[in-house]
$ cat entry-v1.cif   # mmCIF, C-alpha atoms
data_input
#
loop_
_atom_site.label_atom_id
_atom_site.label_comp_id
_atom_site.auth_asym_id
_atom_site.auth_seq_id
_atom_site.Cartn_x
_atom_site.Cartn_y
_atom_site.Cartn_z
CA MET A 21 -81.50 94.23 -34.35
CA THR A 22 -84.64 94.76 -32.27
CA ASP A 23 -85.09 98.29 -33.69
CA SER A 24 -85.28 96.98 -37.24
CA PRO A 25 -88.57 97.54 -39.10
CA ILE A 26 -91.40 95.15 -38.41
CA ARG A 27 -91.60 92.63 -41.25
CA PHE A 28 -95.17 92.30 -42.52
CA GLY A 29 -96.71 89.45 -44.44
CA ILE A 30 -100.12 89.87 -46.07
CA ILE A 31 -102.52 86.93 -46.38
CA GLY A 32 -105.09 87.63 -49.07
CA CYS A 33 -105.11 90.05 -51.97
CA ALA A 34 -108.35 91.97 -51.35
CA ASP A 35 -108.70 95.51 -52.70
CA ILE A 36 -108.17 97.03 -49.24
CA ALA A 37 -104.81 95.25 -49.10
CA ARG A 38 -103.57 97.58 -51.86
CA LYS A 39 -104.11 100.57 -49.58
CA VAL A 40 -102.52 98.90 -46.57
CA SER A 41 -99.57 97.64 -48.64
CA ARG A 42 -98.84 101.25 -49.53
CA ALA A 43 -99.22 102.22 -45.87
CA ILE A 44 -96.68 99.58 -44.81
CA LEU A 45 -94.26 100.86 -47.46
CA LEU A 46 -94.69 104.44 -46.20
CA ALA A 47 -94.49 103.64 -42.48
CA PRO A 48 -91.00 104.39 -41.09
CA ASN A 49 -90.93 101.32 -38.83
CA ALA A 50 -92.43 98.65 -41.12
CA THR A 51 -91.52 96.77 -44.27
CA LEU A 52 -93.35 94.54 -46.74
CA SER A 53 -91.77 91.12 -46.58
CA ALA A 54 -94.28 88.69 -48.09
CA VAL A 55 -97.71 88.16 -49.59
CA ALA A 56 -99.74 84.97 -49.82
CA SER A 57 -102.72 83.95 -51.89
CA ARG A 58 -104.32 80.62 -52.66
CA SER A 59 -102.95 81.27 -56.16
CA ILE A 60 -99.23 81.96 -56.34
CA ASP A 61 -99.74 83.79 -59.65
CA LYS A 62 -102.26 86.10 -57.99
CA ALA A 63 -99.84 86.76 -55.13
CA ALA A 64 -96.99 87.49 -57.58
CA ASN A 65 -99.16 89.87 -59.62
CA PHE A 66 -100.32 91.62 -56.44
CA ALA A 67 -96.75 92.14 -55.27
CA LYS A 68 -95.69 93.51 -58.64
CA ALA A 69 -98.69 95.84 -58.92
CA ASN A 70 -98.23 97.23 -55.42
CA GLY A 71 -94.54 98.01 -55.31
CA PHE A 72 -93.34 95.21 -53.07
CA PRO A 73 -89.54 95.23 -52.66
CA PRO A 74 -87.72 92.72 -54.91
CA GLN A 75 -86.69 90.57 -51.95
CA ALA A 76 -90.32 90.10 -50.79
CA LYS A 77 -91.43 86.48 -50.73
CA ILE A 78 -94.38 85.17 -52.71
CA PHE A 79 -96.43 82.29 -51.29
CA GLY A 80 -99.14 80.13 -52.84
CA SER A 81 -100.76 79.36 -49.49
CA TYR A 82 -101.48 81.20 -46.26
CA ASP A 83 -99.90 78.41 -44.21
CA SER A 84 -96.57 78.85 -45.98
CA LEU A 85 -96.42 82.52 -45.04
CA LEU A 86 -97.34 81.80 -41.42
CA ASP A 87 -94.56 79.21 -41.24
CA ASP A 88 -91.93 81.73 -42.38
CA PRO A 89 -89.71 82.69 -39.39
CA ASP A 90 -88.79 85.97 -41.09
CA ILE A 91 -92.31 87.39 -40.72
CA ASP A 92 -93.04 89.36 -37.54
CA ALA A 93 -96.62 90.46 -38.21
CA VAL A 94 -99.52 89.55 -40.45
CA TYR A 95 -102.05 91.85 -42.08
CA MET A 96 -105.28 89.91 -42.69
CA PRO A 97 -107.79 91.37 -45.19
CA LEU A 98 -109.74 88.12 -45.55
CA PRO A 99 -113.56 87.82 -45.51
CA THR A 100 -114.92 87.94 -41.96
CA THR A 101 -116.05 84.31 -42.06
CA LEU A 102 -112.40 83.25 -42.44
CA HIS A 103 -111.06 85.44 -39.63
CA LEU A 104 -111.47 82.94 -36.81
CA LYS A 105 -109.48 80.16 -38.48
CA TRP A 106 -106.63 82.31 -39.76
CA ALA A 107 -106.43 84.62 -36.76
CA LEU A 108 -106.04 81.59 -34.47
CA LEU A 109 -103.32 80.13 -36.68
CA THR A 110 -101.56 83.51 -36.91
CA ALA A 111 -101.47 83.82 -33.12
CA GLN A 112 -100.36 80.22 -32.67
CA LYS A 113 -97.45 80.91 -35.03
CA LYS A 114 -96.48 83.86 -32.77
CA LYS A 115 -97.22 86.44 -35.46
CA HIS A 116 -98.69 89.79 -34.41
CA LEU A 117 -102.03 90.49 -36.08
CA LEU A 118 -103.36 93.56 -37.85
CA THR A 119 -106.78 92.44 -39.04
CA GLU A 120 -109.52 93.96 -41.10
CA LYS A 121 -112.79 94.73 -39.39
CA PRO A 122 -115.11 93.39 -38.24
CA VAL A 123 -112.71 91.23 -36.26
CA ALA A 124 -115.19 88.35 -36.12
CA LEU A 125 -118.76 87.35 -36.91
CA ASN A 126 -119.73 87.68 -33.25
CA VAL A 127 -118.23 88.24 -29.81
CA ALA A 128 -117.94 84.50 -29.11
CA GLU A 129 -115.57 84.14 -32.07
CA PHE A 130 -113.87 87.40 -31.10
CA ASP A 131 -113.10 86.05 -27.63
CA GLN A 132 -111.49 82.94 -29.10
CA ILE A 133 -109.20 85.16 -31.19
CA ILE A 134 -108.27 87.36 -28.24
CA LYS A 135 -107.60 84.33 -26.05
CA ALA A 136 -105.18 82.95 -28.65
CA CYS A 137 -103.42 86.31 -28.94
CA GLU A 138 -103.07 86.60 -25.17
CA GLU A 139 -101.81 83.04 -24.77
CA ASN A 140 -99.17 83.58 -27.44
CA GLY A 141 -98.14 87.10 -26.42
CA VAL A 142 -99.02 88.74 -29.73
CA GLN A 143 -100.41 92.18 -30.42
CA ILE A 144 -103.78 92.53 -32.15
CA MET A 145 -105.32 95.63 -33.70
CA ASP A 146 -108.23 96.06 -36.08
CA GLY A 147 -107.96 98.20 -39.19
CA THR A 148 -110.21 101.12 -38.18
CA MET A 149 -107.94 103.70 -39.75
CA TRP A 150 -109.64 106.95 -38.73
CA MET A 151 -108.87 106.22 -35.08
CA HIS A 152 -105.22 107.00 -35.85
CA HIS A 153 -105.67 110.32 -37.68
CA PRO A 154 -104.36 113.29 -35.65
CA ARG A 155 -107.74 114.97 -36.24
CA THR A 156 -109.34 112.32 -34.02
CA GLN A 157 -107.25 113.38 -31.03
CA LYS A 158 -108.01 117.07 -31.65
CA MET A 159 -111.75 116.38 -31.77
CA LYS A 160 -111.52 114.38 -28.54
CA GLN A 161 -109.97 117.41 -26.84
CA PHE A 162 -113.04 119.45 -27.78
CA LEU A 163 -115.41 116.76 -26.52
CA GLN A 164 -113.55 116.76 -23.19
CA ASP A 165 -113.75 120.55 -22.81
CA LYS A 166 -116.33 121.01 -20.06
CA GLU A 167 -116.62 124.77 -20.66
CA ARG A 168 -117.08 124.70 -24.45
CA PHE A 169 -118.71 121.31 -25.04
CA GLY A 170 -120.14 120.39 -21.66
CA GLN A 171 -121.63 116.96 -21.03
CA LEU A 172 -122.20 114.59 -23.93
CA LYS A 173 -125.91 114.09 -24.60
CA THR A 174 -126.49 112.73 -28.09
CA ILE A 175 -124.46 111.20 -30.94
CA ASN A 176 -125.53 110.51 -34.49
CA SER A 177 -123.37 108.63 -37.00
CA CYS A 178 -123.96 107.66 -40.62
CA PHE A 179 -121.85 105.76 -43.13
CA SER A 180 -123.33 104.87 -46.50
CA PHE A 181 -122.28 104.47 -50.12
CA PHE A 182 -124.26 103.65 -53.23
CA THR A 183 -123.42 100.36 -54.90
CA ASP A 184 -124.18 99.04 -58.37
CA PRO A 185 -126.02 95.81 -59.32
CA ASP A 186 -122.73 93.94 -59.73
CA PHE A 187 -121.73 94.74 -56.13
CA LEU A 188 -125.13 93.72 -54.81
CA LYS A 189 -124.87 90.40 -56.63
CA ASN A 190 -121.20 89.46 -56.40
CA ASP A 191 -119.30 91.39 -53.71
CA ILE A 192 -118.14 89.33 -50.72
CA ARG A 193 -119.91 91.82 -48.43
CA VAL A 194 -123.31 90.55 -49.58
CA LYS A 195 -122.46 86.83 -49.35
CA PRO A 196 -123.64 84.98 -46.20
CA ASP A 197 -120.75 82.51 -46.40
CA LEU A 198 -118.10 85.26 -46.62
CA ASP A 199 -119.17 88.49 -44.90
CA ALA A 200 -122.42 87.55 -43.24
CA LEU A 201 -122.80 90.87 -41.38
CA GLY A 202 -123.14 92.83 -44.63
CA ALA A 203 -123.48 96.59 -44.25
CA LEU A 204 -123.66 96.26 -40.47
CA GLY A 205 -120.17 94.75 -40.37
CA ASP A 206 -118.65 96.79 -43.18
CA GLU A 207 -120.10 100.24 -42.41
CA GLY A 208 -121.93 99.87 -39.11
CA TRP A 209 -118.63 98.92 -37.44
CA TYR A 210 -117.36 102.45 -38.14
CA CYS A 211 -120.57 104.07 -36.91
CA VAL A 212 -120.62 102.10 -33.67
CA ARG A 213 -116.91 102.79 -33.12
CA SER A 214 -117.49 106.53 -33.57
CA ILE A 215 -120.31 106.48 -31.02
CA LEU A 216 -118.22 104.57 -28.49
CA TRP A 217 -115.28 106.90 -29.13
CA ALA A 218 -117.42 109.95 -28.40
CA ALA A 219 -118.77 108.27 -25.24
CA ASP A 220 -115.26 107.44 -23.93
CA TYR A 221 -115.98 103.77 -24.70
CA GLU A 222 -118.74 103.51 -22.13
CA LEU A 223 -121.02 100.77 -23.41
CA PRO A 224 -124.70 101.64 -23.83
CA LYS A 225 -127.18 99.83 -21.63
CA THR A 226 -129.45 98.78 -24.50
CA THR A 227 -129.69 98.99 -28.26
CA THR A 228 -132.80 98.83 -30.41
CA ALA A 229 -132.61 98.23 -34.16
CA LEU A 230 -134.65 100.63 -36.25
CA ARG A 231 -137.50 99.17 -38.22
CA GLY A 232 -137.20 98.78 -41.96
CA PRO A 233 -133.77 97.25 -42.50
CA VAL A 234 -133.09 96.06 -46.05
CA LEU A 235 -131.85 92.48 -46.44
CA ASN A 236 -131.00 90.64 -49.63
CA GLU A 237 -132.51 87.27 -50.59
CA ALA A 238 -129.76 85.48 -48.65
CA GLY A 239 -130.61 87.43 -45.50
CA VAL A 240 -127.52 89.67 -45.53
CA ILE A 241 -128.06 93.25 -44.30
CA LEU A 242 -127.81 95.89 -47.02
CA GLU A 243 -129.10 98.75 -44.88
CA CYS A 244 -129.96 99.17 -41.21
CA GLY A 245 -129.87 101.49 -38.24
CA ALA A 246 -130.21 101.44 -34.49
CA SER A 247 -130.66 103.58 -31.41
CA LEU A 248 -128.49 103.19 -28.32
CA GLN A 249 -129.39 104.16 -24.78
CA TRP A 250 -127.20 104.70 -21.71
CA GLY A 251 -128.22 104.58 -18.08
CA ASP A 252 -127.45 108.28 -17.56
CA GLY A 253 -129.76 109.41 -20.36
CA LYS A 254 -127.26 109.64 -23.22
CA THR A 255 -128.60 108.46 -26.57
CA ALA A 256 -127.16 107.71 -29.99
CA THR A 257 -128.37 106.64 -33.39
CA PHE A 258 -126.59 105.31 -36.43
CA HIS A 259 -127.45 104.39 -40.00
CA CYS A 260 -125.44 102.33 -42.51
CA SER A 261 -126.32 101.45 -46.09
CA PHE A 262 -125.03 100.04 -49.37
CA LEU A 263 -127.99 101.74 -51.09
CA GLN A 264 -127.48 105.45 -50.45
CA SER A 265 -125.08 108.22 -51.47
CA LEU A 266 -121.57 108.33 -50.00
CA THR A 267 -121.93 109.86 -46.53
CA MET A 268 -119.61 109.72 -43.51
CA ASN A 269 -121.08 111.92 -40.79
CA ILE A 270 -120.64 112.26 -37.05
CA THR A 271 -122.57 114.76 -34.94
CA ALA A 272 -121.92 114.80 -31.19
CA ILE A 273 -124.04 117.17 -29.11
CA GLY A 274 -123.21 118.31 -25.60
CA THR A 275 -124.94 120.62 -23.19
CA TYR A 276 -123.00 123.63 -24.53
CA GLY A 277 -121.37 122.58 -27.79
CA THR A 278 -121.62 120.49 -30.94
CA LEU A 279 -118.99 118.61 -32.95
CA HIS A 280 -119.72 117.91 -36.60
CA LEU A 281 -117.76 116.32 -39.43
CA THR A 282 -118.73 114.85 -42.76
CA ASP A 283 -115.77 112.64 -43.75
CA PHE A 284 -114.91 110.70 -40.62
CA VAL A 285 -114.05 107.33 -42.18
CA ILE A 286 -111.92 108.62 -45.08
CA PRO A 287 -111.01 112.34 -45.10
CA TYR A 288 -111.77 114.34 -48.23
CA GLN A 289 -108.04 114.91 -48.61
CA GLU A 290 -105.17 112.64 -47.62
CA HIS A 291 -102.97 115.15 -45.80
CA GLN A 292 -105.53 117.37 -44.09
CA ALA A 293 -108.90 116.93 -42.44
CA SER A 294 -111.39 119.34 -40.92
CA TYR A 295 -114.17 119.41 -38.36
CA THR A 296 -116.61 122.01 -37.11
CA ALA A 297 -116.97 122.93 -33.45
CA SER A 298 -119.78 125.06 -32.09
CA ALA A 299 -119.41 126.33 -28.52
CA ARG A 300 -122.25 128.02 -26.62
CA PRO A 301 -124.03 129.25 -29.76
CA GLY A 302 -127.10 131.45 -29.72
CA PHE A 303 -128.98 133.91 -31.91
CA ASP A 304 -128.33 137.54 -32.62
CA GLU A 305 -130.71 140.18 -31.28
CA LEU A 306 -133.20 139.92 -34.14
CA VAL A 307 -132.84 136.13 -34.40
CA THR A 308 -131.62 136.45 -37.98
CA GLY A 309 -128.38 134.54 -37.49
CA TRP A 310 -126.14 132.64 -35.12
CA THR A 311 -123.61 134.10 -32.74
CA PRO A 312 -120.92 133.04 -32.34
CA LEU A 313 -120.60 131.17 -35.60
CA PRO A 314 -119.26 127.60 -35.53
CA SER A 315 -115.49 127.42 -36.03
CA GLU A 316 -113.85 125.17 -38.61
CA HIS A 317 -110.61 123.48 -37.64
CA THR A 318 -108.20 121.88 -40.11
CA VAL A 319 -105.63 119.33 -38.97
CA THR A 320 -102.71 118.54 -41.28
CA THR A 321 -100.71 115.33 -41.26
CA ASP A 322 -97.52 114.30 -43.03
CA LEU A 323 -98.67 110.68 -43.07
CA PRO A 324 -102.09 109.41 -44.18
CA GLN A 325 -104.24 107.86 -41.45
CA GLU A 326 -103.59 104.30 -42.61
CA VAL A 327 -99.84 104.91 -42.34
CA CYS A 328 -100.35 106.30 -38.82
CA MET A 329 -102.21 103.08 -38.01
CA VAL A 330 -99.39 100.84 -39.30
CA ARG A 331 -96.81 102.98 -37.51
CA GLU A 332 -98.68 102.68 -34.19
CA PHE A 333 -99.13 98.93 -34.59
CA ALA A 334 -95.47 98.42 -35.52
CA LYS A 335 -94.40 100.58 -32.56
CA LEU A 336 -96.33 98.30 -30.19
CA VAL A 337 -94.74 95.22 -31.76
CA GLN A 338 -91.27 96.75 -31.50
CA ASP A 339 -91.87 97.46 -27.81
CA ILE A 340 -92.77 93.81 -27.27
CA ARG A 341 -89.69 92.60 -29.12
CA LYS A 342 -87.21 95.11 -27.73
CA ASN A 343 -88.40 95.65 -24.17
CA GLY A 344 -90.34 92.49 -23.43
CA ALA A 345 -93.51 94.56 -23.07
CA LYS A 346 -96.87 92.87 -22.89
CA PRO A 347 -99.26 93.41 -25.82
CA ASP A 348 -101.34 96.55 -25.35
CA ASN A 349 -104.92 95.41 -24.71
CA LYS A 350 -106.37 98.88 -25.38
CA TRP A 351 -107.18 98.04 -28.98
CA ALA A 352 -108.63 94.62 -28.20
CA THR A 353 -110.88 96.16 -25.54
CA ILE A 354 -112.18 98.81 -27.93
CA SER A 355 -112.72 96.23 -30.68
CA ARG A 356 -114.61 93.91 -28.33
CA LYS A 357 -117.00 96.68 -27.28
CA THR A 358 -117.65 97.47 -30.94
CA GLN A 359 -118.34 93.80 -31.63
CA LEU A 360 -120.71 93.59 -28.62
CA VAL A 361 -122.85 96.44 -29.97
CA LEU A 362 -122.94 94.90 -33.45
CA ASP A 363 -124.10 91.62 -31.92
CA ALA A 364 -126.87 93.46 -30.06
CA VAL A 365 -128.07 95.30 -33.17
CA LYS A 366 -128.22 92.06 -35.13
CA ALA A 367 -130.07 90.36 -32.26
CA SER A 368 -132.58 93.22 -32.09
CA ILE A 369 -133.34 92.87 -35.80
CA GLU A 370 -133.83 89.13 -35.38
CA LYS A 371 -136.10 89.66 -32.34
CA GLY A 372 -138.44 92.01 -34.16
CA PHE A 373 -136.75 95.27 -33.13
CA GLU A 374 -136.98 94.67 -29.41
CA PRO A 375 -134.44 96.40 -27.12
CA VAL A 376 -131.42 94.19 -26.42
CA GLU A 377 -129.39 94.63 -23.28
CA ILE A 378 -125.65 94.88 -23.78
CA VAL A 379 -123.68 92.91 -21.20
CA ASN A 380 -119.89 93.27 -21.20
#

$ encode --input "entry-v1.cif" --output "C-alpha cells"
Amino acid sequence: MTDSPIRFGIIGCADIARKVSRAILLAPNATLSAVASRSIDKAANFAKANGFPPQAKIFGSYDSLLDDPDIDAVYMPLPTTLHLKWALLTAQKKKHLLTEKPVALNVAEFDQIIKACEENGVQIMDGTMWMHHPRTQKMKQFLQDKERFGQLKTINSCFSFFTDPDFLKNDIRVKPDLDALGALGDEGWYCVRSILWAADYELPKTTTALRGPVLNEAGVILECGASLQWGDGKTATFHCSFLQSLTMNITAIGTYGTLHLTDFVIPYQEHQASYTASARPGFDELVTGWTPLPSEHTVTTDLPQEVCMVREFAKLVQDIRKNGAKPDNKWATISRKTQLVLDAVKASIEKGFEPVEIVN
C-alpha cells in the first residue's frame, strides 16, 4: 500500500502545468489523480487535453481538491502572488507540495510557507527542473575537481527570451498583482540558483543590482542584472530579460579550469545534454591556438529532467509515508537562499543600486 504511486492533484491550469502533467504521467512512482480550476469546464478540458487517466477527478475549486483524502501531493503552478495562501492551505491539509518558482514574493512569505510545511510534516520542493538532470551532477563533479578546475573564482549566468507585445501587455509575469517579481522571479530565479549551485550554496556577502533595469509602467521588472560578492573574493554576475534573444548560459571559472554551457534551464534536446570543460588550458608555441582544447561532454538520460524532478519528489514523499521519515529540508534550504538573493537584488534596485548585505 505504502509503495503505491504518489497521487498528484494539480491546482491551476497554467501552461507549465501541461509539461508537469506529462512528467507526472511518465514518472514511475507518481500518478495524476485530479486537477482543479476556478472553472470546472476549464479543468475538464485541461484533463482531456493532457492525457489524464479516465478515473482522474475534476474539481471546480482549489479547496475541493485539497479536501480530497485521495490526494497525496499537490503541484501548484499558480501566479506567485497566490502562492502564500494556497501553499499554507495545502500544508494544513497535509498535502505535500511541489510548487512553481519563485516560491514566494519575498523571504518573509517564504518562511511562513516553510513553517506550515514543517508543522504539518509535508515535503516541499520548488520546480527548478534543471537541478534534477543527470548532467547537473556530472558538472558538479568537474567543479569539485581540485586538479582540473581548482578553486571557484567567478560565475556568470544569463537567462533571457524575447517576448512579443501581447506578452508584455497581458502575461501574468508582467502584472504586479499576479507575478510582481517579473523577469527577476521568472528568469532571475534560475540564474541565482545556478550561481548558488556552483558556489556550493554559500550565500554571497553582498549583492549590487546593475544600473539600467527595464521596468514596465506598473513597475514590474522586464530586464535586470546584478553582481554578487563573497567574503573570500569570489564574484558572480547575472542578467535576465524578457526583451532579448533566448539565452541560457552558465560560465564558471576556477583557478585552473572553466565550465561552460548554453542551455542550462532547458536542454537543447530532451534526452541528452552537453557541457564544455576546459582544464589547465594554454596556448601553443606560436600562440596561434589553444592546447589542450576544451572537451565536450554529453550526458544522456532516459527520463526528461522534469520527470526526474517528479520522481525525486515522489520518492521523498514515499519515504515519509512508508518509513515515517521526516521531510528532507535540503530543497527548502536551497530555495530559501535563492529567495534571499532575489530579495537583495530587488532591494538594491529600489535603493538606487546600492550594495545590499545578505543575511541568512

$ resolve_selection --input "entry-v1.cif" --expression "the PyMOL selection byres ((chain A and resi 339) around 12)" --output "list of chain:residue names"
A:Thr22, A:Asp23, A:Ser24, A:Pro25, A:Ile26, A:Asn49, A:Val142, A:Gln143, A:Glu332, A:Phe333, A:Ala334, A:Lys335, A:Leu336, A:Val337, A:Gln338, A:Ile340, A:Arg341, A:Lys342, A:Asn343, A:Gly344, A:Ala345, A:Lys346, A:Pro347, A:Asp348

$ write_last_selection --input "entry-v1.cif" --atoms "C-alpha atoms" --output "PDB file, in the frame of the given file"
ATOM      1  CA  THR A  22     -84.640  94.760 -32.270  1.00  0.00           C
ATOM      2  CA  ASP A  23     -85.090  98.290 -33.690  1.00  0.00           C
ATOM      3  CA  SER A  24     -85.280  96.980 -37.240  1.00  0.00           C
ATOM      4  CA  PRO A  25     -88.570  97.540 -39.100  1.00  0.00           C
ATOM      5  CA  ILE A  26     -91.400  95.150 -38.410  1.00  0.00           C
ATOM      6  CA  ASN A  49     -90.930 101.320 -38.830  1.00  0.00           C
ATOM      7  CA  VAL A 142     -99.020  88.740 -29.730  1.00  0.00           C
ATOM      8  CA  GLN A 143    -100.410  92.180 -30.420  1.00  0.00           C
ATOM      9  CA  GLU A 332     -98.680 102.680 -34.190  1.00  0.00           C
ATOM     10  CA  PHE A 333     -99.130  98.930 -34.590  1.00  0.00           C
ATOM     11  CA  ALA A 334     -95.470  98.420 -35.520  1.00  0.00           C
ATOM     12  CA  LYS A 335     -94.400 100.580 -32.560  1.00  0.00           C
ATOM     13  CA  LEU A 336     -96.330  98.300 -30.190  1.00  0.00           C
ATOM     14  CA  VAL A 337     -94.740  95.220 -31.760  1.00  0.00           C
ATOM     15  CA  GLN A 338     -91.270  96.750 -31.500  1.00  0.00           C
ATOM     16  CA  ILE A 340     -92.770  93.810 -27.270  1.00  0.00           C
ATOM     17  CA  ARG A 341     -89.690  92.600 -29.120  1.00  0.00           C
ATOM     18  CA  LYS A 342     -87.210  95.110 -27.730  1.00  0.00           C
ATOM     19  CA  ASN A 343     -88.400  95.650 -24.170  1.00  0.00           C
ATOM     20  CA  GLY A 344     -90.340  92.490 -23.430  1.00  0.00           C
ATOM     21  CA  ALA A 345     -93.510  94.560 -23.070  1.00  0.00           C
ATOM     22  CA  LYS A 346     -96.870  92.870 -22.890  1.00  0.00           C
ATOM     23  CA  PRO A 347     -99.260  93.410 -25.820  1.00  0.00           C
ATOM     24  CA  ASP A 348    -101.340  96.550 -25.350  1.00  0.00           C
TER      25      ASP A 348
END

$ closest_residue --input "entry-v1.cif" --among "A:Gln289, A:Ser177, A:Thr320, A:Thr119" --to "Val212 of chain A" --atoms "all atoms listed in the file"
A:Ser177

$ resolve_selection --input "entry-v1.cif" --expression "the PyMOL selection byres ((chain A and resi 295) around 7)" --output "list in words"
His280, Leu281, Ser294, Thr296, Ala297, Glu316, His317 and Thr318 of chain A

$ resolve_selection --input "entry-v1.cif" --expression "the PyMOL selection byres ((chain A and resi 136) around 12)" --output "ChimeraX atom specification"
/A:104-117,129-135,137-144

$ residues_around --input "entry-v1.cif" --residues "Ala256 of chain A" --least-positions-apart "3" --cutoff "8 Å" --atoms "all atoms listed in the file" --output "JSON, numbers by chain"
{"A": [174, 175, 176, 215, 247, 248, 249]}

$ decode --input "entry-v1.cif" --residues "segment 254-316 of chain A" --atoms "C-alpha atoms" --output "PDB file, in the first residue's frame"
ATOM      1  CA  LYS A 254      34.528  35.144  -5.311  1.00  0.00           C
ATOM      2  CA  THR A 255      32.290  37.161  -7.612  1.00  0.00           C
ATOM      3  CA  ALA A 256      29.309  36.470  -9.835  1.00  0.00           C
ATOM      4  CA  THR A 257      27.072  38.337 -12.230  1.00  0.00           C
ATOM      5  CA  PHE A 258      23.733  37.504 -13.778  1.00  0.00           C
ATOM      6  CA  HIS A 259      21.390  39.009 -16.343  1.00  0.00           C
ATOM      7  CA  CYS A 260      17.729  38.198 -17.020  1.00  0.00           C
ATOM      8  CA  SER A 261      15.414  39.695 -19.618  1.00  0.00           C
ATOM      9  CA  PHE A 262      12.072  39.383 -21.397  1.00  0.00           C
ATOM     10  CA  LEU A 263      13.481  41.637 -24.139  1.00  0.00           C
ATOM     11  CA  GLN A 264      16.420  39.697 -25.571  1.00  0.00           C
ATOM     12  CA  SER A 265      17.044  36.540 -27.605  1.00  0.00           C
ATOM     13  CA  LEU A 266      16.643  33.127 -25.984  1.00  0.00           C
ATOM     14  CA  THR A 267      19.840  32.526 -23.996  1.00  0.00           C
ATOM     15  CA  MET A 268      20.549  30.139 -21.113  1.00  0.00           C
ATOM     16  CA  ASN A 269      24.245  30.381 -20.256  1.00  0.00           C
ATOM     17  CA  ILE A 270      26.401  29.466 -17.289  1.00  0.00           C
ATOM     18  CA  THR A 271      30.142  30.082 -17.170  1.00  0.00           C
ATOM     19  CA  ALA A 272      32.009  29.082 -14.010  1.00  0.00           C
ATOM     20  CA  ILE A 273      35.715  29.929 -13.863  1.00  0.00           C
ATOM     21  CA  GLY A 274      38.195  28.379 -11.469  1.00  0.00           C
ATOM     22  CA  THR A 275      41.898  28.856 -10.971  1.00  0.00           C
ATOM     23  CA  TYR A 276      42.688  26.063 -13.462  1.00  0.00           C
ATOM     24  CA  GLY A 277      39.501  25.295 -15.368  1.00  0.00           C
ATOM     25  CA  THR A 278      36.291  26.635 -16.868  1.00  0.00           C
ATOM     26  CA  LEU A 279      32.810  25.130 -17.148  1.00  0.00           C
ATOM     27  CA  HIS A 280      30.536  26.440 -19.887  1.00  0.00           C
ATOM     28  CA  LEU A 281      27.060  25.520 -21.099  1.00  0.00           C
ATOM     29  CA  THR A 282      24.472  27.312 -23.175  1.00  0.00           C
ATOM     30  CA  ASP A 283      21.186  25.522 -22.396  1.00  0.00           C
ATOM     31  CA  PHE A 284      21.153  25.143 -18.630  1.00  0.00           C
ATOM     32  CA  VAL A 285      17.451  25.791 -17.969  1.00  0.00           C
ATOM     33  CA  ILE A 286      16.031  23.637 -20.790  1.00  0.00           C
ATOM     34  CA  PRO A 287      18.467  21.391 -22.711  1.00  0.00           C
ATOM     35  CA  TYR A 288      18.508  21.652 -26.490  1.00  0.00           C
ATOM     36  CA  GLN A 289      17.344  18.041 -26.623  1.00  0.00           C
ATOM     37  CA  GLU A 290      15.142  16.164 -24.181  1.00  0.00           C
ATOM     38  CA  HIS A 291      17.216  13.006 -23.760  1.00  0.00           C
ATOM     39  CA  GLN A 292      20.761  14.346 -23.894  1.00  0.00           C
ATOM     40  CA  ALA A 293      22.586  17.441 -22.736  1.00  0.00           C
ATOM     41  CA  SER A 294      26.146  18.670 -23.130  1.00  0.00           C
ATOM     42  CA  TYR A 295      28.635  20.938 -21.424  1.00  0.00           C
ATOM     43  CA  THR A 296      32.169  22.070 -22.131  1.00  0.00           C
ATOM     44  CA  ALA A 297      35.018  21.688 -19.659  1.00  0.00           C
ATOM     45  CA  SER A 298      38.390  23.332 -20.067  1.00  0.00           C
ATOM     46  CA  ALA A 299      41.181  22.147 -17.759  1.00  0.00           C
ATOM     47  CA  ARG A 300      44.539  23.929 -17.490  1.00  0.00           C
ATOM     48  CA  PRO A 301      44.384  25.420 -20.992  1.00  0.00           C
ATOM     49  CA  GLY A 302      47.177  27.409 -22.576  1.00  0.00           C
ATOM     50  CA  PHE A 303      48.494  28.432 -25.975  1.00  0.00           C
ATOM     51  CA  ASP A 304      50.578  26.527 -28.461  1.00  0.00           C
ATOM     52  CA  GLU A 305      54.166  27.580 -29.109  1.00  0.00           C
ATOM     53  CA  LEU A 306      53.311  30.266 -31.663  1.00  0.00           C
ATOM     54  CA  VAL A 307      50.199  31.394 -29.764  1.00  0.00           C
ATOM     55  CA  THR A 308      48.012  30.512 -32.740  1.00  0.00           C
ATOM     56  CA  GLY A 309      45.663  28.201 -30.858  1.00  0.00           C
ATOM     57  CA  TRP A 310      44.726  26.618 -27.554  1.00  0.00           C
ATOM     58  CA  THR A 311      46.207  23.497 -26.052  1.00  0.00           C
ATOM     59  CA  PRO A 312      44.637  21.389 -24.786  1.00  0.00           C
ATOM     60  CA  LEU A 313      41.323  22.131 -26.422  1.00  0.00           C
ATOM     61  CA  PRO A 314      38.199  22.234 -24.230  1.00  0.00           C
ATOM     62  CA  SER A 315      36.394  18.886 -24.044  1.00  0.00           C
ATOM     63  CA  GLU A 316      32.687  18.496 -24.728  1.00  0.00           C
TER      64      GLU A 316
END
